[in-house]
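Novice: What follows is input02.csv, CSV, C-alpha atoms (C1' of nucleotides).
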```
chain,number,residue,atom,x,y,z
A,1,MET,CA,128.5,240.1,-14.3
A,2,LEU,CA,129.8,238.1,-17.2
A,3,ALA,CA,132.0,236.1,-14.9
A,4,SER,CA,129.2,235.5,-12.5
A,5,ARG,CA,127.0,234.3,-15.4
A,6,ALA,CA,129.7,231.9,-16.4
A,7,PHE,CA,130.1,230.5,-13.0
A,8,VAL,CA,126.4,230.0,-12.5
A,9,GLY,CA,126.1,228.4,-15.9
A,10,LEU,CA,128.8,226.0,-15.0
A,11,THR,CA,127.2,225.1,-11.8
A,12,ALA,CA,123.8,224.7,-13.3
A,13,ARG,CA,125.2,222.2,-15.8
A,14,SER,CA,126.8,220.2,-13.0
A,15,LEU,CA,123.4,220.0,-11.4
A,16,ALA,CA,121.9,218.7,-14.6
A,17,ALA,CA,124.2,215.7,-14.1
A,18,VAL,CA,121.8,214.2,-11.6
A,19,GLU,CA,118.7,215.4,-13.2
A,20,GLY,CA,116.2,212.6,-13.5
A,21,GLU,CA,117.7,211.0,-10.4
A,22,VAL,CA,116.6,213.4,-7.8
A,23,THR,CA,114.7,216.6,-7.6
A,24,LEU,CA,116.2,219.9,-6.5
A,25,PRO,CA,114.7,219.7,-3.0
A,26,GLN,CA,115.9,216.1,-2.7
A,27,PHE,CA,119.3,217.1,-3.8
A,28,ARG,CA,119.4,219.9,-1.2
A,29,ALA,CA,118.6,217.3,1.4
A,30,LEU,CA,121.4,215.1,0.2
A,31,VAL,CA,123.8,218.1,0.4
A,32,VAL,CA,122.8,218.9,3.9
A,33,LEU,CA,123.6,215.3,4.8
A,34,ALA,CA,126.8,215.3,3.0
A,35,VAL,CA,128.0,218.6,4.5
A,36,ARG,CA,126.8,218.1,8.0
A,37,GLY,CA,126.9,214.4,8.3
A,38,PRO,CA,124.1,212.2,9.7
A,39,GLN,CA,121.2,214.3,10.9
A,40,ARG,CA,117.9,214.1,12.7
A,41,SER,CA,115.1,214.3,10.3
A,42,ILE,CA,113.9,217.4,12.1
A,43,ASP,CA,117.2,219.1,11.5
A,44,ILE,CA,117.0,218.4,7.8
A,45,ALA,CA,113.5,219.8,7.6
A,46,ASP,CA,114.7,222.8,9.5
A,47,GLU,CA,117.7,223.3,7.3
A,48,LEU,CA,115.5,223.1,4.2
A,49,GLN,CA,112.9,225.3,5.9
A,50,VAL,CA,110.0,222.9,5.3
A,51,ASN,CA,107.5,221.3,7.4
A,52,PRO,CA,108.6,218.2,9.3
A,53,SER,CA,106.0,216.2,7.5
A,54,THR,CA,107.4,217.3,4.2
A,55,GLY,CA,110.8,216.2,5.4
A,56,THR,CA,109.6,212.8,6.4
A,57,ARG,CA,108.1,212.2,3.0
A,58,MET,CA,111.1,213.5,1.2
A,59,LEU,CA,113.2,211.0,3.1
A,60,ASP,CA,110.7,208.3,2.3
A,61,ARG,CA,111.4,209.0,-1.4
A,62,LEU,CA,115.1,209.2,-0.9
A,63,ILE,CA,115.0,205.9,0.9
A,64,ARG,CA,113.0,204.3,-1.8
A,65,LYS,CA,115.7,205.4,-4.2
A,66,GLY,CA,118.3,204.0,-1.9
A,67,LEU,CA,120.1,207.2,-1.4
A,68,VAL,CA,119.6,207.5,2.3
A,69,ARG,CA,119.0,205.3,5.4
A,70,ARG,CA,117.0,205.8,8.6
A,71,LEU,CA,118.6,204.7,11.8
A,72,ARG,CA,116.7,204.7,15.0
A,73,SER,CA,118.9,206.3,17.6
A,74,THR,CA,119.7,204.1,20.6
A,75,ALA,CA,120.1,207.0,23.0
A,76,ASP,CA,116.8,208.7,22.5
A,77,ARG,CA,114.5,206.3,20.8
A,78,ARG,CA,112.3,208.9,19.4
A,79,VAL,CA,114.9,210.3,17.1
A,80,VAL,CA,115.7,209.0,13.7
A,81,ARG,CA,119.1,209.6,12.4
A,82,VAL,CA,119.4,209.9,8.7
A,83,ARG,CA,122.5,208.9,6.9
A,84,LEU,CA,123.6,208.9,3.3
A,85,THR,CA,124.1,205.6,1.6
A,86,PRO,CA,127.1,205.2,-0.6
A,87,ALA,CA,124.7,205.7,-3.5
A,88,GLY,CA,123.5,208.9,-2.0
A,89,ARG,CA,127.0,210.1,-1.4
A,90,ASP,CA,127.7,209.3,-5.0
A,91,VAL,CA,124.9,211.6,-6.2
A,92,VAL,CA,126.4,214.5,-4.4
A,93,GLU,CA,129.9,213.7,-5.3
A,94,GLN,CA,128.9,213.4,-8.9
A,95,VAL,CA,127.7,216.9,-9.0
A,96,LEU,CA,130.6,218.3,-7.0
A,97,THR,CA,133.1,216.5,-9.1
A,98,ARG,CA,131.5,217.4,-12.3
A,99,ARG,CA,131.6,221.0,-11.2
A,100,ARG,CA,135.2,220.8,-10.2
A,101,VAL,CA,136.3,219.1,-13.3
A,102,ASP,CA,134.5,221.6,-15.6
A,103,LEU,CA,136.0,224.4,-13.6
A,104,GLU,CA,139.5,222.9,-13.8
A,105,GLU,CA,139.2,222.4,-17.5
A,106,LEU,CA,138.3,225.9,-18.0
A,107,VAL,CA,141.0,227.2,-15.7
A,108,ALA,CA,143.5,225.1,-17.5
A,109,ALA,CA,142.3,226.4,-20.8
A,110,THR,CA,142.9,229.9,-19.7
A,111,ALA,CA,146.0,229.2,-17.6
A,112,GLN,CA,147.8,232.2,-18.8
A,113,LEU,CA,145.3,234.4,-17.1
A,114,TRP,CA,145.7,233.2,-13.6
A,115,GLN,CA,148.4,235.3,-12.3
A,116,PRO,CA,148.8,235.3,-8.5
A,117,ALA,CA,147.3,238.7,-8.3
A,118,VAL,CA,144.2,237.4,-10.0
A,119,THR,CA,143.6,234.4,-7.8
A,120,GLU,CA,144.3,236.4,-4.8
A,121,ALA,CA,141.7,238.9,-5.7
A,122,LEU,CA,139.2,236.2,-6.3
A,123,THR,CA,139.9,234.6,-3.0
A,124,ALA,CA,139.5,237.8,-1.2
A,125,PHE,CA,136.4,238.5,-3.1
A,126,ALA,CA,134.9,235.1,-2.2
A,127,GLU,CA,135.8,235.8,1.4
A,128,ALA,CA,134.0,239.1,1.3
A,129,ALA,CA,130.9,237.4,-0.2
A,130,GLY,CA,131.6,235.0,2.6
A,131,GLU,CA,128.6,234.5,4.6
A,132,VAL,CA,127.3,232.1,2.1
A,133,GLY,CA,126.7,229.5,4.7
A,134,GLU,CA,128.7,226.5,3.3
A,135,GLN,CA,125.7,224.6,2.2
A,136,ASP,CA,123.1,227.0,1.2
A,137,TRP,CA,125.1,228.2,-1.7
A,138,TRP,CA,123.4,225.3,-3.4
A,139,LEU,CA,120.4,227.2,-4.4
A,140,GLY,CA,118.3,228.6,-1.6
A,141,TRP,CA,115.5,228.0,-3.9
A,142,SER,CA,112.8,225.5,-3.2
A,143,SER,CA,111.3,225.1,-6.7
A,144,HIS,CA,107.7,225.2,-5.7
A,145,ARG,CA,106.5,227.4,-3.0
A,146,GLU,CA,103.5,229.1,-4.5
A,147,GLY,CA,101.6,228.9,-1.3
A,148,ALA,CA,103.7,231.5,0.4
A,149,ASN,CA,100.8,233.8,0.0
A,150,SER,CA,98.9,232.4,2.9
A,151,GLU,CA,101.4,233.4,5.5
A,152,PRO,CA,100.5,234.6,8.9
B,1,MET,CA,136.0,227.1,-6.5
B,2,LEU,CA,135.5,229.6,-3.7
B,3,ALA,CA,134.8,232.3,-6.1
B,4,SER,CA,132.4,230.1,-8.0
B,5,ARG,CA,130.5,229.3,-4.8
B,6,ALA,CA,130.3,233.0,-4.0
B,7,PHE,CA,128.8,233.9,-7.3
B,8,VAL,CA,126.3,231.1,-7.3
B,9,GLY,CA,125.3,232.0,-3.8
B,10,LEU,CA,124.7,235.5,-4.8
B,11,THR,CA,122.6,234.5,-7.7
B,12,ALA,CA,120.6,232.0,-5.7
B,13,ARG,CA,119.8,234.7,-3.3
B,14,SER,CA,118.7,237.0,-6.1
B,15,LEU,CA,116.4,234.2,-7.2
B,16,ALA,CA,114.9,234.0,-3.8
B,17,ALA,CA,113.6,237.5,-4.3
B,18,VAL,CA,110.7,236.2,-6.3
B,19,GLU,CA,110.2,233.1,-4.4
B,20,GLY,CA,106.6,232.6,-3.7
B,21,GLU,CA,105.6,234.6,-6.8
B,22,VAL,CA,106.8,232.1,-9.4
B,23,THR,CA,108.3,228.7,-9.5
B,24,LEU,CA,111.7,228.0,-11.0
B,25,PRO,CA,110.2,226.6,-14.2
B,26,GLN,CA,107.9,229.6,-14.5
B,27,PHE,CA,110.8,231.9,-14.0
B,28,ARG,CA,112.7,230.2,-16.7
B,29,ALA,CA,109.9,230.8,-19.0
B,30,LEU,CA,109.8,234.4,-18.1
B,31,VAL,CA,113.5,234.7,-18.7
B,32,VAL,CA,113.1,233.2,-22.2
B,33,LEU,CA,110.5,235.8,-23.0
B,34,ALA,CA,112.5,238.6,-21.5
B,35,VAL,CA,115.6,237.6,-23.4
B,36,ARG,CA,114.1,236.6,-26.7
B,37,GLY,CA,111.1,238.8,-26.8
B,38,PRO,CA,107.6,237.5,-27.6
B,39,GLN,CA,107.7,233.9,-28.6
B,40,ARG,CA,105.5,231.2,-29.9
B,41,SER,CA,104.4,228.9,-27.2
B,42,ILE,CA,106.1,226.1,-29.0
B,43,ASP,CA,109.4,227.9,-29.0
B,44,ILE,CA,109.2,228.4,-25.3
B,45,ALA,CA,108.4,224.7,-24.6
B,46,ASP,CA,111.3,224.0,-26.9
B,47,GLU,CA,113.7,226.2,-25.1
B,48,LEU,CA,112.7,224.8,-21.8
B,49,GLN,CA,112.9,221.3,-23.2
B,50,VAL,CA,109.4,220.3,-22.1
B,51,ASN,CA,106.4,218.9,-23.8
B,52,PRO,CA,104.2,221.5,-25.6
B,53,SER,CA,101.4,220.6,-23.3
B,54,THR,CA,103.5,221.4,-20.3
B,55,GLY,CA,104.3,224.7,-21.9
B,56,THR,CA,100.6,225.5,-22.5
B,57,ARG,CA,99.8,224.8,-18.9
B,58,MET,CA,102.7,226.7,-17.5
B,59,LEU,CA,101.6,229.7,-19.6
B,60,ASP,CA,98.1,229.3,-18.3
B,61,ARG,CA,99.5,229.7,-14.8
B,62,LEU,CA,101.6,232.6,-15.7
B,63,ILE,CA,98.6,234.2,-17.3
B,64,ARG,CA,96.5,233.6,-14.3
B,65,LYS,CA,99.2,235.5,-12.3
B,66,GLY,CA,99.1,238.2,-14.9
B,67,LEU,CA,102.7,237.9,-15.9
B,68,VAL,CA,102.1,237.0,-19.5
B,69,ARG,CA,99.7,237.5,-22.3
B,70,ARG,CA,98.6,235.3,-25.2
B,71,LEU,CA,98.1,236.9,-28.6
B,72,ARG,CA,96.7,235.1,-31.5
B,73,SER,CA,98.9,235.9,-34.5
B,74,THR,CA,97.1,237.4,-37.5
B,75,ALA,CA,99.5,236.1,-40.1
B,76,ASP,CA,99.3,232.5,-39.2
B,77,ARG,CA,96.2,231.9,-37.2
B,78,ARG,CA,97.5,228.7,-35.7
B,79,VAL,CA,100.2,230.4,-33.7
B,80,VAL,CA,99.9,232.0,-30.4
B,81,ARG,CA,102.4,234.6,-29.5
B,82,VAL,CA,103.2,235.0,-25.9
B,83,ARG,CA,104.4,238.3,-24.4
B,84,LEU,CA,105.4,239.5,-21.0
B,85,THR,CA,103.1,241.9,-19.3
B,86,PRO,CA,104.8,244.8,-17.4
B,87,ALA,CA,104.3,242.7,-14.2
B,88,GLY,CA,106.0,239.8,-15.8
B,89,ARG,CA,108.9,242.0,-16.9
B,90,ASP,CA,109.1,243.3,-13.4
B,91,VAL,CA,109.6,239.9,-12.0
B,92,VAL,CA,112.5,239.2,-14.2
B,93,GLU,CA,113.9,242.7,-13.7
B,94,GLN,CA,113.6,242.3,-10.0
B,95,VAL,CA,115.9,239.3,-10.0
B,96,LEU,CA,118.3,240.7,-12.4
B,97,THR,CA,118.5,244.0,-10.5
B,98,ARG,CA,118.9,242.4,-7.2
B,99,ARG,CA,121.7,240.4,-8.6
B,100,ARG,CA,123.4,243.3,-10.1
B,101,VAL,CA,123.1,245.4,-7.0
B,102,ASP,CA,124.4,242.7,-4.8
B,103,LEU,CA,127.3,242.2,-7.1
B,104,GLU,CA,128.1,245.9,-7.3
B,105,GLU,CA,128.0,246.2,-3.6
B,106,LEU,CA,130.4,243.4,-3.2
B,107,VAL,CA,132.7,244.7,-5.9
B,108,ALA,CA,132.6,248.2,-4.4
B,109,ALA,CA,133.4,246.7,-1.0
B,110,THR,CA,136.5,245.1,-2.5
B,111,ALA,CA,137.4,247.8,-4.9
B,112,GLN,CA,141.1,247.7,-4.2
B,113,LEU,CA,141.2,244.1,-5.6
B,114,TRP,CA,139.9,245.0,-9.0
B,115,GLN,CA,143.1,245.8,-10.9
B,116,PRO,CA,142.8,245.9,-14.6
B,117,ALA,CA,144.6,242.6,-14.8
B,118,VAL,CA,142.0,241.0,-12.7
B,119,THR,CA,139.0,242.2,-14.5
B,120,GLU,CA,140.6,241.4,-17.8
B,121,ALA,CA,141.2,237.9,-16.6
B,122,LEU,CA,137.7,237.5,-15.5
B,123,THR,CA,136.3,238.8,-18.8
B,124,ALA,CA,138.5,236.4,-20.7
B,125,PHE,CA,137.5,233.6,-18.5
B,126,ALA,CA,133.8,234.3,-19.0
B,127,GLU,CA,134.4,234.4,-22.7
B,128,ALA,CA,136.1,231.0,-22.6
B,129,ALA,CA,133.2,229.6,-20.6
B,130,GLY,CA,131.2,231.4,-23.2
B,131,GLU,CA,128.8,229.1,-24.8
B,132,VAL,CA,126.6,229.6,-21.9
B,133,GLY,CA,123.8,230.4,-24.2
B,134,GLU,CA,122.6,233.8,-22.9
B,135,GLN,CA,119.5,232.5,-21.2
B,136,ASP,CA,120.2,229.0,-20.1
B,137,TRP,CA,122.6,230.3,-17.5
B,138,TRP,CA,119.5,230.6,-15.4
B,139,LEU,CA,119.6,227.1,-14.1
B,140,GLY,CA,119.2,224.4,-16.6
B,141,TRP,CA,117.5,222.6,-13.9
B,142,SER,CA,113.8,221.7,-14.1
B,143,SER,CA,113.1,221.0,-10.5
B,144,HIS,CA,111.0,217.9,-11.0
B,145,ARG,CA,111.8,215.5,-13.7
B,146,GLU,CA,111.8,212.2,-12.0
B,147,GLY,CA,110.2,210.5,-14.8
B,148,ALA,CA,113.3,210.3,-16.9
B,149,ASN,CA,113.7,206.7,-15.8
B,150,SER,CA,111.2,205.4,-18.3
B,151,GLU,CA,113.2,206.4,-21.3
B,152,PRO,CA,113.4,204.3,-24.4
C,1,DC,C1',102.8,207.1,38.1
C,2,DT,C1',100.9,211.3,35.6
C,3,DG,C1',101.1,214.8,32.4
C,4,DC,C1',103.4,217.4,29.1
C,5,DA,C1',106.8,218.0,25.5
C,6,DA,C1',109.6,216.2,21.6
C,7,DA,C1',110.3,213.5,17.4
C,8,DG,C1',108.3,211.5,13.9
C,9,DA,C1',104.8,209.3,11.0
C,10,DT,C1',100.2,209.5,8.7
C,11,DG,C1',96.1,211.1,6.4
C,12,DG,C1',94.0,214.7,3.9
C,13,DC,C1',94.1,218.4,0.7
C,14,DA,C1',95.9,221.6,-2.8
C,15,DG,C1',98.9,223.1,-6.4
C,16,DT,C1',102.7,222.4,-9.9
C,17,DA,C1',105.2,220.1,-13.3
C,18,DT,C1',105.3,216.7,-16.9
C,19,DG,C1',104.4,213.3,-20.4
C,20,DC,C1',101.4,210.9,-23.8
C,21,DA,C1',97.6,210.5,-26.7
C,22,DA,C1',93.7,212.3,-28.9
C,23,DC,C1',91.8,216.3,-31.1
C,24,DC,C1',90.8,220.9,-33.3
C,25,DT,C1',92.3,224.6,-36.6
C,26,DT,C1',95.1,226.3,-39.9
C,27,DC,C1',98.3,226.3,-43.3
C,28,DT,C1',100.9,223.8,-47.2
C,29,DT,C1',101.5,220.7,-50.8
C,30,DC,C1',100.4,218.2,-54.6
D,1,DG,C1',90.3,220.1,-53.0
D,2,DA,C1',92.3,216.2,-50.3
D,3,DA,C1',96.2,214.6,-47.6
D,4,DG,C1',99.3,215.9,-44.4
D,5,DA,C1',102.0,218.8,-41.4
D,6,DA,C1',102.2,222.4,-37.8
D,7,DG,C1',100.7,224.8,-33.7
D,8,DG,C1',98.1,224.4,-29.8
D,9,DT,C1',94.8,222.6,-26.3
D,10,DT,C1',92.6,219.2,-23.4
D,11,DG,C1',91.9,214.7,-21.0
D,12,DC,C1',94.2,211.4,-18.2
D,13,DA,C1',97.6,209.9,-15.2
D,14,DT,C1',101.7,210.3,-12.2
D,15,DA,C1',105.2,212.2,-9.1
D,16,DC,C1',106.6,215.8,-6.0
D,17,DT,C1',106.3,219.5,-2.6
D,18,DG,C1',103.8,221.7,1.0
D,19,DC,C1',100.9,222.6,4.9
D,20,DC,C1',97.7,221.3,8.6
D,21,DA,C1',95.8,218.3,11.9
D,22,DT,C1',96.2,214.1,14.3
D,23,DC,C1',98.4,210.1,16.4
D,24,DT,C1',102.1,207.2,18.4
D,25,DT,C1',106.1,206.4,20.8
D,26,DT,C1',109.4,208.2,24.0
D,27,DG,C1',111.6,211.2,27.4
D,28,DC,C1',111.4,214.0,31.2
D,29,DA,C1',109.8,216.3,35.0
D,30,DG,C1',107.3,216.4,39.5
```
How does the structure come out when it is put into structure tokens?
Specialist:
Amino acid sequence: MLASRAFVGLTARSLAAVEGEVTLPQFRALVVLAVRGPQRSIDIADELQVNPSTGTRMLDRLIRKGLVRRLRSTADRRVVRVRLTPAGRDVVEQVLTRRRVDLEELVAATAQLWQPAVTEALTAFAEAAGEVGEQDWWLGWSSHREGANSEP
Amino acid sequence: MLASRAFVGLTARSLAAVEGEVTLPQFRALVVLAVRGPQRSIDIADELQVNPSTGTRMLDRLIRKGLVRRLRSTADRRVVRVRLTPAGRDVVEQVLTRRRVDLEELVAATAQLWQPAVTEALTAFAEAAGEVGEQDWWLGWSSHREGANSEP
DNA sequence: CTGCAAAGATGGCAGTATGCAACCTTCTTC
DNA sequence: GAAGAAGGTTGCATACTGCCATCTTTGCAG
């Protein structure tokens, strides 16, 4: 529990690095794009489990901030492919890097603890926890979502 | 890194347990109350680093949901003490419990890994990471906060 | 070509989160 | 007691997220 708290705290702080630049939902969208590469807007909405219209508008905002670009596909001209701009990639990188750096610092500061047995155990543990989908470990939480009352 | 991701994923999922009931900012307020006990509304706003007015209104919403109560202090009649209702405490408990249970399950499933050396290392690690204030390990992130652009 | 489905975009509506400024009420201080 | 500080609340305004319904542009059968 203690360790868990420590890790989460660390991560939360890394997230704070882009606070004021993007909101959590927006960041989640960026992460999807970073992890999966260019996506159709519908896929993003899907991934984030929001209405397509919500996705469209979120992209609008990300575009306004210059973090993302819309590209009309040539193959199927209905689809819009969305891609991170360098700036957008930066935002994600920034958080990831911050996280990694903090973690490394901490690990370095406690280097004597990290016997092979320990790291092995942690790795195995992470694997067991494993089905944490690769990108949804970034907070499956959507920040708002009051309205979930009115479900079918 | 892997382990960190695993822990964060676990926590995020525990958070999802109350999704639809409260928003992240609201949950953070509840956590403050759960951890520190009844508070003045100003202290909560302070803790959450938001404007007092924002705090007032957030409390309004929490009250409307029956998760919190306002009590006028008798000593200093300016102050309003805010306290969790049983329902409010439940919300927090629910998340904490969920988290603990998930964690325990996982630990049990990988019991053979948890040699004394490992748990000791983790404990020491957590301690080193330590200044994670007790309550702000619950996401220092405020979900919105675009407006930070217009700073002095 | 016609009709239907898919991918998005838009308009409308509601609810949350936030900040700033103005404004009561109560203390505190002098 | 008057001036001022402290704790809150309310009005006003803005930015987001979200959902629903509707509309347009394209693709794809048949």
Novice: Wanna dump the chain B-chain C contacts at 7 Å for me, each residue with its shortest atom pair and the distance in Å to one decimal, counting only C-alpha atoms (C1' of nucleotides), ordered by chain and number, as a tab-separated table?
Specialist:
```
residue	atom	partner	partner_atom	distance
B:Asn51	CA	C:DG19	C1'	6.8
B:Thr54	CA	C:DT18	C1'	6.1
B:Arg77	CA	C:DT26	C1'	6.3
B:Arg78	CA	C:DT26	C1'	5.4
B:His144	CA	C:DA17	C1'	6.6
```
Novice: Could you work out how far CA of Val79 (chain A) lies from C1' of DT25 (chain D), giving the answer in Å with one decimal?
Specialist: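 CA of Val79 (chain A) lies at a distance of 10.3 Å from C1' of DT25 (chain D).
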Novice: Figure out the distance between CA of Pro52 (chain A) and CA of Arg81 (chain A), please, to one decimal in Å.
Specialist: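 These two atoms are separated by 13.9 Å.
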Novice: Pull the closest atom pair for each residue of chain D that gets at most 10 Å from chain A, along with the distance in Å to one decimal, counting only C-alpha atoms (C1' of nucleotides), ordering rows by chain and then ascending residue number, as a tab-separated table.
Specialist:
```
residue	atom	partner	partner_atom	distance
D:DC16	C1'	A:Thr23	CA	8.3
D:DT17	C1'	A:His144	CA	6.6
D:DG18	C1'	A:Thr54	CA	6.5
D:DC19	C1'	A:Asn51	CA	7.2
D:DC20	C1'	A:Ser53	CA	9.8
D:DT25	C1'	A:Arg78	CA	6.8
D:DT26	C1'	A:Arg78	CA	5.5
D:DG27	C1'	A:Asp76	CA	7.6
```
Novice: By how many Å are CA of Asp102 (chain B) and CA of Ala6 (chain A) apart?
Specialist: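 Distance between the two atoms: 16.7 Å.
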Novice: So, counting all atoms listed in the file, which residue among A:Thr123, A:Ser73, A:Thr97, A:Thr56 is closest to chain B?
Specialist: A:Thr123
Novice: For chain B, which of A:Glu19, A:Thr74, A:Phe27, A:Arg69 is the closest residue, counting all atoms listed in the file?
Specialist: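 Among the listed residues, A:Glu19 lies closest to chain B.
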Novice: Restricting the calculation to all atoms listed in the file: of A:Gln39, A:Gln115, A:Thr85, A:Gln49, which residue gets closest to chain B?
Specialist: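 Comparing A:Gln39, A:Gln115, A:Thr85, A:Gln49 against chain B, the winner is A:Gln115.
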Novice: Between A:Val107, A:Leu48, A:Leu24, A:Leu67, which is the closest to Leu84 (chain A) once you count only C-alpha atoms?
Specialist: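 Of A:Val107, A:Leu48, A:Leu24, A:Leu67, the one nearest Leu84 (chain A), counting only C-alpha atoms, is A:Leu67.
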Novice: Check the smallest atom-to-atom distance from each of A:Arg40, A:Arg100, A:Arg64, A:Arg83 to chain B using all atoms listed in the file, then report the winner.
Specialist: A:Arg100
Novice: Choose the residue, out of B:Met1, B:Val118, B:Ala45, B:Ala12, that has the smallest atom-to-atom separation from Glu104 (chain A); count all atoms listed in the file.
Specialist: B:Met1
